[in-house]
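The structure under discussion appears below in the form of structure tokens.
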Amino acid sequence: MAWTIDDAVSDKNLIDAKIHLQEVSFRLGDLTPKIRIRLFRYPGDKEVYFEQSHFIQTPGQESVYFPAMKSDNSVAYALTHAVEGLTHAYHAAVELGHEPSDVWLVTNPDF
């Protein structure tokens, strides 16, 4: 019988197992911190989840933006949710005439 990654992490004593599928990194516009997005799934689950190294809060935003969707059915769609949450806020602030600033990126303490 062929073993799978899910089989390898199936022991009941393994808690919060994540199977990392990919990591993508980039810089956003004129901001200098590198943003990283990790894409993963849980054993036995086909849904692809993401976690990001930074969130964004631009001038005019009342609070830090946290994506409403944290998963999707493919790596590409999950990554799109993460990236669009950052880029939409960035573009909106720049279009309003705000000068990009590294303070717009808020480090995710759980990353």
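Chain identifiers are assigned as A, B, and so on, following the order in which chains appear in the structure tokens; residues are numbered from 1 within each chain, and ligands are numbered from 1 in order of appearance.
Residues in contact with segment 80-94 of chain A at 7 Å, where only C-alpha atoms are counted and same-chain residues fewer than 6 positions away are skipped, are listed as A:Ile56, A:Thr58, A:Pro59, A:Pro67, A:Met69, A:Pro100.
Once Glu23 of chain A and its same-chain neighbours fewer than 3 positions away are set aside, Arg36, Ile37, Arg38 and Leu39 of chain A remain within 7 Å of it when counting only C-alpha atoms.
Proximity of A:Ile35, A:Ala78, A:Val48, A:Val24 to Thr107 of chain A, computed with only C-alpha atoms, is greatest for A:Ile35.
If you measure from each of A:Leu96, A:Ser53, A:Tyr42, A:Thr4 to Phe26 of chain A using only C-alpha atoms, the closest one turns out to be A:Ser53.
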### Message
Please extract the residues of chain A with a backbone DSSP assignment of helix (DSSP H, G or I) and present them as a PyMOL selection string.
### Response
chain A and resi 5-8+75-95+102-104
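Closest approach to Asp45 of chain A among A:Asp6, A:Asp16, A:Asp30, A:Asp11: A:Asp6, based on only C-alpha atoms.
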Item to check | strand (DSSP E) per DSSP on the backbone: members of chain A, as JSON, numbers by chain | outcome: {"A": [19, 20, 21, 22, 23, 24, 25, 26, 35, 36, 37, 38, 39, 40, 41, 48, 49, 50, 51, 52, 54, 55, 56, 71, 72, 105, 106, 107]}
If you count only C-alpha atoms, the residue of A:Lys12, A:Asp72, A:Leu79, A:Ser63 closest to Ser25 of chain A turns out to be A:Leu79
Of A:Phe40, A:Leu14, A:Gln52, A:Pro33, the one sitting nearest Asn108 of chain A when using only C-alpha atoms is A:Gln52
Nearest to Pro43 of chain A, restricted to only C-alpha atoms and choosing among A:Asn73, A:Val103, A:Lys18, A:Glu95, comes out as A:Lys18
